[in-house]
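Peer 1: So here's upload.cif (mmCIF, C-alpha atoms).
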data_input
loop_
_atom_site.label_atom_id
_atom_site.label_comp_id
_atom_site.auth_asym_id
_atom_site.auth_seq_id
_atom_site.Cartn_x
_atom_site.Cartn_y
_atom_site.Cartn_z
CA MET M 136 38.79 -17.09 37.37
CA THR M 137 41.81 -14.93 36.63
CA GLN M 138 42.64 -11.85 38.68
CA THR M 139 41.89 -9.57 35.71
CA GLU M 140 38.41 -11.04 35.28
CA PHE M 141 37.78 -10.80 39.03
CA ARG M 142 38.89 -7.14 39.11
CA LYS M 143 36.53 -6.36 36.24
CA LYS M 144 33.64 -8.07 37.99
CA LEU M 145 34.50 -6.23 41.22
CA SER M 146 34.66 -2.86 39.47
CA GLN M 147 31.12 -3.35 38.18
CA THR M 148 29.61 -3.54 41.68
CA VAL M 149 27.47 -0.65 42.90
CA ASN M 150 29.16 -0.17 46.28
CA THR M 151 32.75 -0.87 45.30
CA ASP M 152 34.13 0.89 48.39
CA TRP M 153 32.43 -1.62 50.67
CA PHE M 154 33.82 -4.59 48.76
CA ASN M 155 37.28 -3.05 49.08
CA SER M 156 36.98 -2.36 52.80
CA VAL M 157 35.62 -5.62 54.35
CA LYS M 158 38.15 -7.71 56.27
CA PHE M 159 38.95 -11.43 56.32
CA ASN M 160 41.08 -13.37 58.79
CA LEU M 161 42.40 -16.80 57.83
CA ARG M 162 44.14 -18.61 60.68
CA TYR M 163 46.07 -21.82 60.09
CA THR M 164 47.01 -22.52 63.72
CA HIS M 165 48.70 -25.85 62.97
CA LEU M 166 51.06 -23.96 60.65
CA ASN M 167 51.47 -20.91 62.93
CA LEU M 168 50.13 -18.77 60.06
CA SER M 169 47.61 -15.95 60.27
CA TYR M 170 46.53 -13.82 57.31
CA GLU M 171 44.48 -10.63 57.41
CA PHE M 172 42.97 -9.40 54.19
CA LYS M 173 41.23 -6.13 53.42
CA GLY M 174 38.82 -6.31 50.54
CA PHE M 175 37.61 -9.03 48.24
CA GLY M 176 40.37 -8.30 45.76
CA HIS M 177 43.16 -8.82 48.28
CA LEU M 178 41.75 -12.17 49.43
CA HIS M 179 41.13 -13.35 45.88
CA LYS M 180 44.69 -12.57 44.91
CA PHE M 181 45.96 -14.77 47.77
CA VAL M 182 43.50 -17.56 46.95
CA ASN M 183 44.34 -17.38 43.23
CA GLN M 184 48.05 -17.68 44.01
CA GLN M 185 47.38 -20.72 46.20
CA ILE M 186 45.31 -22.42 43.50
CA LYS M 187 48.00 -21.84 40.89
CA GLY M 188 50.68 -23.02 43.32
CA TRP M 189 48.81 -26.22 44.12
CA ASP M 190 48.23 -26.79 40.39
CA LYS M 191 51.98 -27.02 39.98
CA LEU M 192 52.22 -29.60 42.79
CA THR M 193 49.24 -31.81 42.02
CA GLN M 194 51.20 -34.58 40.34
CA ASN M 195 51.06 -37.82 42.40
CA LEU M 196 49.93 -36.11 45.61
CA PRO M 197 47.84 -37.79 48.28
CA ALA M 198 44.19 -36.89 48.77
CA GLU M 199 44.97 -35.19 52.11
CA LEU M 200 47.02 -32.53 50.33
CA LEU M 201 44.68 -32.23 47.34
CA ALA M 202 41.97 -31.23 49.81
CA SER M 203 43.93 -28.02 50.45
CA ARG M 204 43.53 -27.00 46.83
CA LYS M 205 39.77 -27.61 47.01
CA HIS M 206 39.70 -25.49 50.17
CA PHE M 207 41.02 -22.46 48.28
CA GLU M 208 38.71 -23.14 45.32
CA PHE M 209 35.81 -23.12 47.80
CA ILE M 210 36.87 -19.68 49.09
CA GLU M 211 37.10 -18.32 45.51
CA ASN M 212 33.64 -19.65 44.65
CA GLN M 213 32.22 -18.05 47.79
CA LEU M 214 33.65 -14.64 46.78
CA ILE M 215 32.34 -14.88 43.22
CA SER M 216 28.92 -16.10 44.34
CA PHE M 217 28.57 -13.23 46.81
CA ILE M 218 29.47 -10.63 44.18
CA ASP M 219 27.04 -12.12 41.67
CA SER M 220 24.25 -12.18 44.26
CA TYR M 221 24.74 -8.86 46.04
CA GLY M 222 26.91 -6.78 43.74
CA SER M 223 23.94 -4.59 42.84
CA GLN M 224 23.21 -3.78 46.52
CA GLU M 225 23.99 -0.21 47.49
CA HIS M 226 23.34 -0.03 51.27
CA GLU M 227 26.17 -1.21 53.50
CA SER M 228 23.79 -2.45 56.22
CA ASN M 229 22.26 -4.99 53.85
CA LEU M 230 25.67 -6.04 52.58
CA ASN M 231 26.96 -6.53 56.14
CA SER M 232 23.95 -8.68 56.96
CA TYR M 233 24.40 -10.89 53.89
CA PHE M 234 28.16 -11.07 54.37
CA ARG M 235 28.21 -12.67 57.83
CA ASN M 236 27.35 -16.19 56.66
CA THR M 237 29.82 -16.04 53.78
CA GLN M 238 32.55 -14.72 56.07
CA SER M 239 32.01 -17.50 58.61
CA ARG M 240 32.14 -20.20 55.89
CA ILE M 241 35.41 -18.79 54.59
CA GLN M 242 37.16 -18.34 57.95
CA ASN M 243 36.09 -21.60 59.67
CA ASN M 244 37.47 -25.13 59.23
CA THR M 245 41.01 -24.18 58.29
CA SER M 246 42.76 -26.52 60.75
CA THR M 247 43.45 -29.33 58.26
CA TYR M 248 44.62 -27.37 55.20
CA PHE M 249 48.06 -26.28 54.07
CA THR M 250 49.35 -23.47 51.89
CA TYR M 251 51.40 -24.61 48.93
CA ASN M 252 54.44 -22.51 49.93
CA CYS M 253 54.70 -23.32 53.63
CA PRO M 254 57.62 -25.51 54.91
CA GLU M 255 55.16 -28.12 56.23
CA THR M 256 53.82 -28.75 52.74
CA GLU M 257 57.32 -29.25 51.37
CA PHE M 258 58.10 -31.60 54.28
CA LEU M 259 54.97 -33.73 53.73
CA ILE M 260 55.66 -34.00 49.98
CA GLU M 261 59.21 -35.20 50.71
CA VAL M 262 57.89 -37.74 53.23
CA TYR M 263 55.31 -38.97 50.71
CA LYS M 264 57.96 -39.39 48.02
CA ASN M 265 60.56 -41.10 50.22
CA HIS M 266 58.47 -42.79 52.97
CA SER M 267 54.93 -42.99 51.64
CA GLU M 268 53.89 -45.49 54.33
CA SER M 269 54.77 -42.94 57.03
CA PHE M 270 52.91 -40.05 55.41
CA ILE M 271 49.68 -40.51 57.39
CA GLY M 272 51.51 -40.41 60.69
CA ALA M 273 53.42 -37.23 59.77
CA TYR M 274 50.25 -35.62 58.42
CA THR M 275 48.16 -36.37 61.53
CA TYR M 276 50.95 -35.15 63.78
CA LEU M 277 51.17 -31.77 61.99
CA ILE M 278 47.41 -31.13 62.03
CA GLY M 279 47.26 -32.12 65.72
CA ASN M 280 45.05 -35.17 65.21
CA LEU M 281 46.74 -37.99 67.11
CA ASP M 282 43.94 -40.51 66.76
CA GLN M 283 46.10 -42.71 64.61
CA SER M 284 47.47 -45.65 66.60
CA ILE M 285 51.02 -44.99 67.69
CA ASN M 286 51.53 -48.76 68.04
CA VAL M 287 51.68 -49.04 64.27
CA LYS M 288 55.28 -48.84 63.19
CA HIS M 289 54.69 -46.73 60.08
CA ASN M 290 52.54 -44.27 62.00
CA PHE M 291 55.16 -44.01 64.70
CA ASN M 292 57.83 -43.33 62.12
CA GLY M 293 55.64 -40.58 60.67
CA TYR M 294 55.16 -39.05 64.13
CA LEU M 295 58.88 -39.18 64.71
CA LEU M 296 59.70 -37.50 61.39
CA ALA M 297 57.15 -34.79 62.06
CA TYR M 298 58.49 -34.36 65.61
CA GLU M 299 62.04 -33.92 64.35
CA PHE M 300 60.83 -31.43 61.73
CA THR M 301 58.86 -29.42 64.30
CA LEU M 302 61.22 -29.53 67.30
CA GLN M 303 64.71 -29.66 65.97
CA ASP M 304 67.71 -29.24 68.30
CA SER M 305 68.49 -25.60 69.12
CA THR M 306 71.83 -25.47 67.37
CA ALA M 307 73.32 -22.23 66.18
CA LEU M 308 72.53 -23.13 62.59
CA THR M 309 68.96 -24.01 63.52
CA GLU M 310 68.55 -20.86 65.57
CA ARG M 311 69.92 -18.73 62.75
CA ARG M 312 67.64 -20.44 60.25
CA ASN M 313 64.65 -19.87 62.47
CA LYS M 314 65.55 -16.20 62.93
CA GLU M 315 65.94 -15.75 59.18
CA LYS M 316 62.66 -17.56 58.68
CA SER M 317 61.02 -15.24 61.21
CA SER M 318 62.53 -12.20 59.47
CA LEU M 319 61.33 -13.39 56.06
CA SER M 320 57.91 -14.13 57.51
CA SER M 321 57.77 -10.59 58.91
CA LEU M 322 58.77 -9.12 55.56
CA ARG M 323 56.18 -11.23 53.80
CA THR M 324 53.54 -10.15 56.29
CA ASN M 325 54.39 -6.48 55.80
CA PHE M 326 54.32 -6.89 52.06
CA GLU M 327 50.97 -8.67 52.11
CA ASN M 328 49.56 -6.02 54.44
CA SER M 329 50.43 -3.35 51.91
CA LEU M 330 48.64 -5.22 49.13
CA PRO M 331 45.02 -4.35 50.18
CA LYS M 332 45.59 -0.63 49.74
CA LEU M 333 47.22 -1.13 46.36
CA TYR M 334 44.52 -3.54 45.30
CA SER M 335 41.77 -1.17 46.45
CA GLU M 336 43.35 1.65 44.49
CA LEU M 337 43.56 -0.61 41.45
CA VAL M 338 39.90 -1.60 41.71
CA GLU M 339 38.88 2.02 42.24
CA HIS M 340 40.88 3.00 39.19
CA LEU M 341 39.21 0.26 37.16
CA LYS M 342 35.79 1.39 38.36
CA ASN M 343 36.53 5.03 37.46
CA SER M 344 37.88 3.93 34.10
CA SER M 345 34.75 1.88 33.47
CA GLU M 346 32.51 4.83 34.40
CA LYS M 347 34.49 7.21 32.21
CA TYR M 348 34.37 4.69 29.40
CA GLN M 349 30.59 4.51 29.69
CA GLU M 350 30.39 8.31 29.68
CA TYR M 351 32.62 8.37 26.63
CA LEU M 352 30.38 5.84 24.89
CA LYS M 353 27.33 7.98 25.67
CA ALA M 354 29.12 11.07 24.37
CA VAL M 355 30.13 9.19 21.21
CA ASP M 356 26.57 7.95 20.71
CA GLY M 357 25.22 11.49 21.18
CA PHE M 358 27.80 12.89 18.80
CA LYS M 359 26.95 10.16 16.29
CA GLU M 360 23.21 10.87 16.51
CA ASP M 361 23.81 14.62 16.17
CA LYS M 362 26.02 14.15 13.11
CA GLU M 363 23.58 11.70 11.57
CA LYS M 364 20.76 14.22 12.04
CA THR M 365 22.93 17.02 10.64
CA TYR M 366 23.88 14.87 7.66
CA SER M 367 20.26 13.84 7.11
CA ASP M 368 19.08 17.48 7.17
CA TRP M 369 21.92 18.50 4.87
CA PHE M 370 21.17 15.65 2.49
CA ILE M 371 17.44 16.50 2.35
CA ASN M 372 18.15 20.21 1.74
CA THR M 373 20.86 19.45 -0.79
CA LYS M 374 18.63 16.95 -2.56
CA GLY M 375 15.88 19.57 -2.91
CA GLU M 376 18.34 22.20 -4.12
CA PHE M 377 19.89 19.73 -6.53
CA GLU M 378 16.51 18.71 -7.93
CA SER M 379 15.58 22.38 -8.36
CA PHE M 380 18.95 23.05 -10.00
CA SER M 381 18.53 20.00 -12.24
CA THR M 382 15.04 21.10 -13.30
CA LYS M 383 16.23 24.64 -14.05
CA SER M 384 19.25 23.28 -15.90
CA ASP M 385 17.13 20.94 -18.01
CA LYS M 386 14.75 23.78 -18.83
CA ARG M 387 17.63 26.11 -19.60
CA LEU M 388 19.29 23.46 -21.74
CA GLU M 389 16.05 23.00 -23.68
CA GLU M 390 15.81 26.77 -24.22
CA LEU M 391 19.42 26.89 -25.42
CA GLU M 392 18.78 23.96 -27.75
CA ASN M 393 15.78 25.78 -29.22
CA THR M 394 17.83 28.97 -29.52
CA TYR M 395 20.59 27.04 -31.25
CA LYS M 396 18.09 25.52 -33.66
CA GLU M 397 16.72 29.01 -34.40
CA LYS M 398 20.29 30.23 -34.84
CA LEU M 399 20.97 27.46 -37.37
CA LYS M 400 17.80 28.44 -39.23
CA LEU M 401 18.62 32.15 -39.27
CA GLU M 402 22.40 31.98 -39.50
CA GLU M 403 22.53 31.70 -43.30
CA PRO M 404 19.90 34.44 -43.89
CA ALA M 405 21.78 36.74 -41.49
CA LYS M 406 25.02 36.00 -43.27
CA TYR M 407 23.35 36.65 -46.64
CA TRP M 408 21.95 39.98 -45.40
CA ALA M 409 25.36 41.04 -44.07
CA GLU M 410 27.08 40.21 -47.39
CA ARG M 411 24.22 41.76 -49.38
CA ALA M 412 24.51 44.98 -47.36
CA GLU M 413 28.23 45.25 -48.10
CA LYS M 414 27.61 44.58 -51.82
CA LEU M 415 24.80 47.17 -52.02
CA LYS M 416 26.91 49.76 -50.23
CA LYS M 417 29.69 49.17 -52.71
CA GLN M 418 27.22 49.42 -55.58
CA GLY M 419 25.81 52.68 -54.16
CA TRP M 420 29.24 54.23 -53.82
CA ILE M 421 30.08 53.22 -57.41
CA ALA M 422 26.85 54.82 -58.62
CA LEU M 423 27.69 57.98 -56.67
CA ALA M 424 31.15 58.09 -58.25
CA VAL M 425 29.65 57.72 -61.73
CA ILE M 426 27.09 60.50 -61.01
CA VAL M 427 29.85 62.81 -59.84
CA SER M 428 31.86 61.98 -62.95
CA LEU M 429 28.91 62.70 -65.23
CA VAL M 430 28.17 66.00 -63.48
CA LEU M 431 31.80 67.00 -63.85
CA VAL M 432 31.66 66.10 -67.55
CA VAL M 433 28.54 68.23 -68.06
CA VAL M 434 30.04 71.15 -66.14
CA PHE M 435 33.31 70.85 -67.99
CA SER M 436 31.64 70.64 -71.38
CA LEU M 437 29.37 73.60 -70.63
CA GLY M 438 32.27 75.68 -69.46
CA LYS M 439 34.36 74.79 -72.42
CA LEU M 440 31.46 75.54 -74.76
CA LEU M 441 30.93 78.95 -73.22
CA TRP M 442 34.64 79.71 -73.13
CA ILE M 443 35.52 78.46 -76.60
CA THR M 444 32.41 79.03 -78.73
CA PRO M 445 32.87 78.21 -82.45
CA GLU M 446 33.04 81.35 -84.68
CA GLN M 447 30.56 79.78 -87.08
CA ILE M 448 27.85 80.08 -84.41
CA TYR M 449 28.46 83.80 -83.87
CA GLU M 450 28.79 84.60 -87.58
CA SER M 451 25.60 82.71 -88.47
CA PHE M 452 23.72 84.25 -85.58
CA PHE M 453 24.73 87.87 -86.42
CA ASN M 454 24.57 87.47 -90.25
CA GLY M 455 20.94 86.57 -90.05
CA ASP M 456 21.39 82.88 -90.73
CA LYS M 457 20.56 81.32 -87.31
CA SER M 458 20.32 77.71 -88.45
CA ALA M 459 23.84 76.85 -87.37
CA ALA M 460 23.29 78.27 -83.88
CA ILE M 461 20.00 76.43 -83.55
CA ARG M 462 21.55 73.22 -84.79
CA TRP M 463 24.39 73.38 -82.29
CA SER M 464 21.94 74.29 -79.54
CA ILE M 465 19.77 71.28 -80.32
CA ILE M 466 22.81 69.02 -80.27
CA TYR M 467 24.01 70.34 -76.91
CA ILE M 468 20.53 70.21 -75.39
CA THR M 469 20.17 66.61 -76.55
CA PHE M 470 23.52 65.81 -74.97
CA ILE M 471 22.52 67.47 -71.71
CA SER M 472 19.18 65.61 -71.76
CA PHE M 473 20.89 62.22 -72.06
CA MET M 474 23.33 63.19 -69.34
CA ALA M 475 20.45 64.30 -67.09
CA PHE M 476 18.57 61.05 -67.72
CA ALA M 477 21.68 59.01 -66.90
CA ILE M 478 22.32 61.04 -63.75
CA ARG M 479 18.67 60.62 -62.67
CA ALA M 480 18.81 56.84 -63.30
CA LEU M 481 22.11 56.49 -61.48
CA THR M 482 20.71 58.56 -58.61
CA LYS M 483 17.83 56.11 -58.21
CA VAL M 484 20.25 53.20 -58.32
CA MET M 485 22.47 54.90 -55.75
CA PHE M 486 19.63 55.69 -53.32
CA SER M 487 18.09 52.27 -53.88
CA SER M 488 21.43 50.58 -53.12
CA PHE M 489 21.93 52.58 -49.91
CA HIS M 490 18.30 52.01 -48.93
CA LEU M 491 18.50 48.23 -49.52
CA ALA M 492 21.87 48.08 -47.73
CA ARG M 493 20.34 49.79 -44.69
CA ASP M 494 17.39 47.39 -44.86
CA CYS M 495 19.76 44.38 -44.93
CA GLU M 496 21.64 45.76 -41.95
CA GLU M 497 18.38 46.18 -40.05
CA ARG M 498 17.31 42.64 -40.92
CA HIS M 499 20.74 41.37 -39.78
CA THR M 500 20.41 43.27 -36.48
CA LEU M 501 16.80 42.17 -36.04
CA THR M 502 17.85 38.53 -36.52
CA TYR M 503 20.31 38.66 -33.63
CA PHE M 504 17.88 40.67 -31.56
CA TYR M 505 15.33 37.92 -32.09
CA LEU M 506 17.91 35.29 -31.03
CA SER M 507 18.72 37.29 -27.90
CA LEU M 508 15.01 37.38 -27.06
CA LEU M 509 14.89 33.61 -27.41
CA LYS M 510 17.94 33.30 -25.16
CA ASP M 511 16.70 35.48 -22.31
CA SER M 512 12.92 35.05 -22.48
CA THR M 513 10.07 33.20 -24.14
CA VAL M 514 8.63 34.67 -27.35
CA ASP M 515 4.93 34.16 -28.02
CA LYS M 516 3.87 32.47 -31.21
CA GLU M 517 2.12 35.62 -32.54
CA ASP M 518 5.16 37.81 -31.85
CA LYS M 519 7.32 35.19 -33.46
CA GLN M 520 5.23 35.28 -36.65
CA LEU M 521 5.35 39.09 -36.76
CA ILE M 522 9.13 39.05 -36.39
CA MET M 523 9.53 36.40 -39.06
CA GLN M 524 7.23 38.34 -41.39
CA ALA M 525 9.38 41.44 -40.87
CA LEU M 526 12.53 39.47 -41.51
CA PHE M 527 11.42 37.74 -44.70
CA SER M 528 9.12 40.37 -46.29
CA ARG M 529 10.15 42.04 -49.57
CA ALA M 530 11.75 45.48 -49.20
CA GLU M 531 10.90 48.55 -51.37
CA THR M 532 13.64 49.21 -53.90
CA GLY M 533 12.51 52.72 -54.89
CA LEU M 534 13.10 51.93 -58.55
CA LEU M 535 9.44 51.20 -59.36
CA LYS M 536 6.31 53.16 -58.66
CA ASP M 537 4.09 51.77 -55.89
CA ASP M 538 6.82 49.34 -54.98
CA SER M 539 5.10 47.79 -51.96
CA SER M 540 5.89 44.51 -50.27
CA PRO M 541 3.25 41.77 -50.22
CA THR M 542 2.09 40.32 -46.93
CA MET M 543 3.47 36.87 -46.25
CA PRO M 544 0.93 34.25 -45.13
CA ASN M 545 1.41 33.49 -41.44
CA ASP M 546 0.63 29.83 -41.92
CA ILE M 547 3.51 29.46 -44.41
CA VAL M 548 5.94 31.13 -42.00
CA GLY M 549 4.67 29.00 -39.17
CA LYS M 550 5.13 25.84 -41.19
CA PHE M 551 8.63 27.00 -42.14
CA MET M 552 9.59 27.60 -38.46
CA THR M 553 8.20 24.30 -37.21
CA LYS M 554 10.37 22.23 -39.54
#
Represent the structure of the file as structure tokens.
Peer 2:
Amino acid sequence: MTQTEFRKKLSQTVNTDWFNSVKFNLRYTHLNLSYEFKGFGHLHKFVNQQIKGWDKLTQNLPAELLASRKHFEFIENQLISFIDSYGSQEHESNLNSYFRNTQSRIQNNTSTYFTYNCPETEFLIEVYKNHSESFIGAYTYLIGNLDQSINVKHNFNGYLLAYEFTLQDSTALTERRNKEKSSLSSLRTNFENSLPKLYSELVEHLKNSSEKYQEYLKAVDGFKEDKEKTYSDWFINTKGEFESFSTKSDKRLEELENTYKEKLKLEEPAKYWAERAEKLKKQGWIALAVIVSLVLVVVFSLGKLLWITPEQIYESFFNGDKSAAIRWSIIYITFISFMAFAIRALTKVMFSSFHLARDCEERHTLTYFYLSLLKDSTVDKEDKQLIMQALFSRAETGLLKDDSSPTMPNDIVGKFMTK
């Protein structure tokens, strides 16, 4: 398992502080090495480094050294198994009780294993490559197990090589190398001791990030549900309003279509009445002009007759012969009678024209009033028939006596409007 995966698993534990605070002590006395670890993460990092290091050295190695790699794999499996089993535990007392057995299995039986980066491991690999028959002797000497028979030449050679490696002469070069090795070991120890705190902070940060991420997911889910509910309510309300608007629009469109059809039916009659009104007005004004002209002619002729009377009329009237005066009087009276009849006839035509023009204007206005009623409201069938009867009934001209308009049959008008 990689360190990233292990950190994630560790951050998901309930009591993360406890897992970051427990201590481990690995002592490799035959190597003069002692490691103290604080927290599962710190130990796993060391174990993971050892496994990777041994993976790079596992080509053509003896079984005695390969056992060291399995040793570190065993420690890693113990850590993972403990987290999987007790990661959900919250009380430290229970965790301490469960941890004792795991801690003892990890810390015991370390006397025969080597770290991949210790000088002893490098020495044994060199011996195995160059003097493979002496490897067992060197290996048993370093782990302190001298059961191998020293009488065997190869074993003795291995003991001797290990002895020279362990107890070299105290030359200045050797002493300096040992001091530098001690200094580097101290620096490495200090560095490794600082790792638990950093690792604990990293795990704590991962745990906090995971908790905040979960809170963020909950907030996002709540926000999503709220918006979905808002959208659903808006959609339902909008759908109802749209359906109502659509119904009203369809009804309004139908009313406008009916109004337009009525307009097409009444447009030509209205246009005819407007043109007819203008024509009748013109005819009335012409009749009025003719009447005025005739009246002026009569007045002028009467004035002229009175002002310039023929002498024959006066002489015949005063000489006793009144026939001439009577004859001229009859002629003038006949002339005045014709003029009066013409004026009376023209007067009827004039008044009839103005009357019919006014009637056409009223019919024209009534037509558009009827269309406006259709546009803004619904007209009953009976009212519609009355209006149509008023629009298409015959008007009195005034030229004939008892000039009354006949009543139009309602069924004919109805049939006409339903076409």
Peer 1: What lies within 9 Å of stretch 233-247 of chain M using only C-alpha atoms, ignoring chain neighbours under 2 positions off, as a list in words?
Peer 2: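 Once the adjacent positions are removed, what remains is Lys158, Phe159, Asn160, Leu161, Arg162, Tyr163, Thr164, His165, Leu166, Glu199, Ala202, Ser203, His206, Phe209, Ile210, Gln213, Leu214, Phe217, Tyr221, Ser228, Asn229, Leu230, Asn231, Phe249, Leu277, Ile278 and Gly279 of chain M.
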Peer 1: Can you spit out the residues from that selection as a CSV table (one decimal), in the coordinates of the input, using C-alpha atoms?
Peer 2:
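And here's again.csv as it stands now:
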chain,number,residue,atom,x,y,z
M,158,LYS,CA,38.2,-7.7,56.3
M,159,PHE,CA,39.0,-11.4,56.3
M,160,ASN,CA,41.1,-13.4,58.8
M,161,LEU,CA,42.4,-16.8,57.8
M,162,ARG,CA,44.1,-18.6,60.7
M,163,TYR,CA,46.1,-21.8,60.1
M,164,THR,CA,47.0,-22.5,63.7
M,165,HIS,CA,48.7,-25.8,63.0
M,166,LEU,CA,51.1,-24.0,60.6
M,199,GLU,CA,45.0,-35.2,52.1
M,202,ALA,CA,42.0,-31.2,49.8
M,203,SER,CA,43.9,-28.0,50.4
M,206,HIS,CA,39.7,-25.5,50.2
M,209,PHE,CA,35.8,-23.1,47.8
M,210,ILE,CA,36.9,-19.7,49.1
M,213,GLN,CA,32.2,-18.0,47.8
M,214,LEU,CA,33.6,-14.6,46.8
M,217,PHE,CA,28.6,-13.2,46.8
M,221,TYR,CA,24.7,-8.9,46.0
M,228,SER,CA,23.8,-2.4,56.2
M,229,ASN,CA,22.3,-5.0,53.8
M,230,LEU,CA,25.7,-6.0,52.6
M,231,ASN,CA,27.0,-6.5,56.1
M,249,PHE,CA,48.1,-26.3,54.1
M,277,LEU,CA,51.2,-31.8,62.0
M,278,ILE,CA,47.4,-31.1,62.0
M,279,GLY,CA,47.3,-32.1,65.7
Peer 1: What's the 7 Å shell around M:Glu211, counting only C-alpha atoms, without same-chain residues fewer than 3 positions away, as a PDB file with C-alpha atoms, in the frame of the given file?
Peer 2:
ATOM      1  CA  HIS M 179      41.130 -13.350  45.880  1.00  0.00           C
ATOM      2  CA  VAL M 182      43.500 -17.560  46.950  1.00  0.00           C
ATOM      3  CA  PHE M 207      41.020 -22.460  48.280  1.00  0.00           C
ATOM      4  CA  GLU M 208      38.710 -23.140  45.320  1.00  0.00           C
ATOM      5  CA  LEU M 214      33.650 -14.640  46.780  1.00  0.00           C
ATOM      6  CA  ILE M 215      32.340 -14.880  43.220  1.00  0.00           C
TER       7      ILE M 215
END
Peer 1: What does the distance from atom CA of M:Trp369 to atom CA of M:Leu388 come to in Å, to one decimal?
Peer 2: 27.2 Å
Peer 1: Pick the closest to M:Glu339 from M:Lys143, M:Lys406, M:Arg204, M:Lys386: which is it, counting only C-alpha atoms?
Peer 2: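 Result for the nearest residue to M:Glu339: M:Lys143.
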Peer 1: Expand the PyMOL selection byres ((chain M and resi 293) around 12) into the explicit residue set it covers here, and present it as a PyMOL selection string.
Peer 2: chain M and resi 258-259+261-263+265-277+281+283-292+294-300
Peer 1: Let me see the file: selected residues, C-alpha atoms, as a short mmCIF file (atom, residue, chain, number, x, y, z; two decimals), in the coordinates of the input.
Peer 2:
data_model
loop_
_atom_site.label_atom_id
_atom_site.label_comp_id
_atom_site.auth_asym_id
_atom_site.auth_seq_id
_atom_site.Cartn_x
_atom_site.Cartn_y
_atom_site.Cartn_z
CA PHE M 258 58.10 -31.60 54.28
CA LEU M 259 54.97 -33.73 53.73
CA GLU M 261 59.21 -35.20 50.71
CA VAL M 262 57.89 -37.74 53.23
CA TYR M 263 55.31 -38.97 50.71
CA ASN M 265 60.56 -41.10 50.22
CA HIS M 266 58.47 -42.79 52.97
CA SER M 267 54.93 -42.99 51.64
CA GLU M 268 53.89 -45.49 54.33
CA SER M 269 54.77 -42.94 57.03
CA PHE M 270 52.91 -40.05 55.41
CA ILE M 271 49.68 -40.51 57.39
CA GLY M 272 51.51 -40.41 60.69
CA ALA M 273 53.42 -37.23 59.77
CA TYR M 274 50.25 -35.62 58.42
CA THR M 275 48.16 -36.37 61.53
CA TYR M 276 50.95 -35.15 63.78
CA LEU M 277 51.17 -31.77 61.99
CA LEU M 281 46.74 -37.99 67.11
CA GLN M 283 46.10 -42.71 64.61
CA SER M 284 47.47 -45.65 66.60
CA ILE M 285 51.02 -44.99 67.69
CA ASN M 286 51.53 -48.76 68.04
CA VAL M 287 51.68 -49.04 64.27
CA LYS M 288 55.28 -48.84 63.19
CA HIS M 289 54.69 -46.73 60.08
CA ASN M 290 52.54 -44.27 62.00
CA PHE M 291 55.16 -44.01 64.70
CA ASN M 292 57.83 -43.33 62.12
CA TYR M 294 55.16 -39.05 64.13
CA LEU M 295 58.88 -39.18 64.71
CA LEU M 296 59.70 -37.50 61.39
CA ALA M 297 57.15 -34.79 62.06
CA TYR M 298 58.49 -34.36 65.61
CA GLU M 299 62.04 -33.92 64.35
CA PHE M 300 60.83 -31.43 61.73
#
